[in-house]
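Below is query-v3.tsv, holding TSV, C-alpha atoms.
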chain	number	residue	atom	x	y	z
D	3	MET	CA	125.16	54.89	35.71
D	4	ASN	CA	125.21	55.57	39.44
D	5	VAL	CA	124.31	59.25	38.92
D	6	LEU	CA	121.44	58.29	36.67
D	7	SER	CA	119.89	55.88	39.16
D	8	PHE	CA	120.36	58.35	42.01
D	9	VAL	CA	118.60	61.20	40.19
D	10	VAL	CA	115.76	58.99	38.95
D	11	GLY	CA	115.37	57.50	42.44
D	12	GLN	CA	115.13	60.95	44.02
D	13	GLY	CA	112.56	62.04	41.44
D	14	LEU	CA	110.48	58.92	41.98
D	15	LYS	CA	110.69	59.34	45.75
D	16	LEU	CA	109.30	62.87	45.49
D	17	ALA	CA	106.56	61.69	43.16
D	18	VAL	CA	105.50	58.93	45.56
D	19	ILE	CA	105.39	61.37	48.48
D	20	GLY	CA	103.40	63.86	46.41
D	21	SER	CA	101.01	61.18	45.20
D	22	ALA	CA	100.41	59.96	48.77
D	23	ILE	CA	99.64	63.50	49.94
D	24	GLY	CA	97.41	64.02	46.90
D	25	LEU	CA	95.52	60.77	47.50
D	26	VAL	CA	94.88	61.69	51.13
D	27	GLY	CA	93.70	65.12	50.02
D	28	ALA	CA	91.47	63.64	47.33
D	29	LEU	CA	89.92	61.16	49.72
D	30	THR	CA	89.20	63.87	52.30
D	31	THR	CA	87.58	66.20	49.78
D	32	THR	CA	85.22	63.59	48.37
D	33	ARG	CA	82.61	64.63	50.89
D	34	LEU	CA	82.66	68.15	49.48
D	35	VAL	CA	82.04	67.06	45.89
D	36	LEU	CA	79.68	64.22	46.74
D	37	ARG	CA	76.64	66.35	45.94
D	38	LEU	CA	78.08	67.32	42.53
D	39	LEU	CA	78.54	63.74	41.32
D	40	TYR	CA	75.54	61.98	39.80
D	41	GLY	CA	75.79	58.26	39.15
D	42	ILE	CA	79.54	58.16	39.84
D	43	SER	CA	81.21	56.81	42.94
D	44	PRO	CA	83.38	59.47	44.59
D	45	ILE	CA	85.93	56.86	45.62
D	46	ASP	CA	86.89	55.01	42.44
D	47	PRO	CA	89.97	52.86	43.10
D	48	VAL	CA	90.69	52.36	39.39
D	49	THR	CA	90.85	56.12	38.81
D	50	PHE	CA	92.99	56.76	41.87
D	51	ALA	CA	95.41	53.96	40.93
D	52	GLY	CA	95.52	55.00	37.27
D	53	VAL	CA	96.33	58.61	38.08
D	54	SER	CA	98.99	57.55	40.57
D	55	VAL	CA	100.67	55.28	38.03
D	56	LEU	CA	100.49	57.98	35.36
D	57	LEU	CA	102.13	60.50	37.69
D	58	ALA	CA	104.87	58.01	38.56
D	59	VAL	CA	105.61	57.39	34.88
D	60	VAL	CA	105.75	61.12	34.17
D	61	ALA	CA	108.05	61.67	37.16
D	62	VAL	CA	110.43	58.94	36.01
D	63	LEU	CA	110.58	60.41	32.51
D	64	ALA	CA	110.97	63.95	33.83
D	65	SER	CA	113.95	62.95	35.95
D	66	TRP	CA	115.47	60.34	33.62
D	67	LEU	CA	115.80	62.52	30.51
D	68	PRO	CA	117.89	65.32	32.12
D	69	ALA	CA	119.85	62.80	34.22
D	70	ARG	CA	120.78	60.82	31.11
D	71	ARG	CA	122.04	63.98	29.45
D	72	ALA	CA	124.01	64.99	32.56
D	73	ALA	CA	125.55	61.53	32.88
D	74	LYS	CA	127.01	61.80	29.37
D	75	VAL	CA	129.01	64.94	30.22
D	76	ASP	CA	132.67	64.46	31.10
D	77	PRO	CA	133.17	65.78	34.68
D	78	MET	CA	136.53	67.37	33.89
D	79	GLU	CA	135.08	69.22	30.93
D	80	ALA	CA	132.18	70.48	33.02
D	81	LEU	CA	134.58	71.74	35.71
D	82	ARG	CA	136.70	73.54	33.11
D	83	HIS	CA	133.68	75.56	31.98
D	84	GLU	CA	132.96	76.67	35.55

Could the structure of this file be written out as structure tokens, please?
Amino acid sequence: MNVLSFVVGQGLKLAVIGSAIGLVGALTTTRLVLRLLYGISPIDPVTFAGVSVLLAVVAVLASWLPARRAAKVDPMEALRHE
């Protein structure tokens, strides 16, 4: 179980860093698209939070599924095939 939590933790860490960079980029580019938006606030906290949570869930699933499969493999058997 230690391998599983390590891999999922690393995947989530990368997703959080990427989401933070993306949020900063999105907030800085709102001035560019301000003229294209009619009747919509360019800084919508619900949208920013929703997308961040969605990306975190996808990152956890994307790292958990392969890590779960890798954790089931016997290490000695994997080394024999190398």

Can you pull out every residue within 12 Å of range 55-63 of chain D, counting only C-alpha atoms, but drop anything in the same chain fewer than 3 positions away, and send it as a PyMOL selection string? chain D and resi 6-22+24-25+48-52+66-70

Could you tell me how far CA of Glu79 in chain D lies from CA of Val5 in chain D, in Å and to one decimal?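 The value is 16.7 Å.
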
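CA of Val35 in chain D to CA of Pro47 in chain D spans 16.5 Å [interatomic distance, one decimal].
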
CA of Asp46 in chain D and CA of Ser65 in chain D are how many Å apart?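 Separation between CA of Asp46 in chain D and CA of Ser65 in chain D: 28.9 Å.
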
Can I get range 4-17 of chain D with N, CA and C atoms filled in, as a compact mmCIF listing (two decimals), in the frame of the given file?
# COMPACT_ATOMS: atom_id res chain seq x y z
N ASN D 4 125.58 55.33 38.06
CA ASN D 4 125.21 55.57 39.44
C ASN D 4 124.48 56.91 39.58
N VAL D 5 124.95 57.94 38.87
CA VAL D 5 124.31 59.25 38.92
C VAL D 5 122.90 59.16 38.37
N LEU D 6 122.74 58.45 37.30
CA LEU D 6 121.44 58.29 36.67
C LEU D 6 120.43 57.64 37.61
N SER D 7 120.82 56.56 38.25
CA SER D 7 119.89 55.88 39.16
C SER D 7 119.60 56.73 40.39
N PHE D 8 120.58 57.49 40.86
CA PHE D 8 120.36 58.35 42.01
C PHE D 8 119.34 59.45 41.70
N VAL D 9 119.50 60.11 40.55
CA VAL D 9 118.60 61.20 40.19
C VAL D 9 117.19 60.68 39.93
N VAL D 10 117.09 59.57 39.23
CA VAL D 10 115.76 58.99 38.95
C VAL D 10 115.12 58.52 40.25
N GLY D 11 115.91 57.94 41.14
CA GLY D 11 115.37 57.50 42.44
C GLY D 11 114.85 58.66 43.27
N GLN D 12 115.58 59.77 43.28
CA GLN D 12 115.13 60.95 44.02
C GLN D 12 113.84 61.52 43.41
N GLY D 13 113.77 61.55 42.10
CA GLY D 13 112.56 62.04 41.44
C GLY D 13 111.36 61.16 41.72
N LEU D 14 111.58 59.85 41.70
CA LEU D 14 110.48 58.92 41.98
C LEU D 14 110.06 59.00 43.44
N LYS D 15 111.02 59.21 44.32
CA LYS D 15 110.69 59.34 45.75
C LYS D 15 109.80 60.56 45.99
N LEU D 16 110.13 61.68 45.36
CA LEU D 16 109.30 62.87 45.49
C LEU D 16 107.92 62.67 44.89
N ALA D 17 107.85 61.95 43.78
CA ALA D 17 106.56 61.69 43.16
C ALA D 17 105.68 60.80 44.03
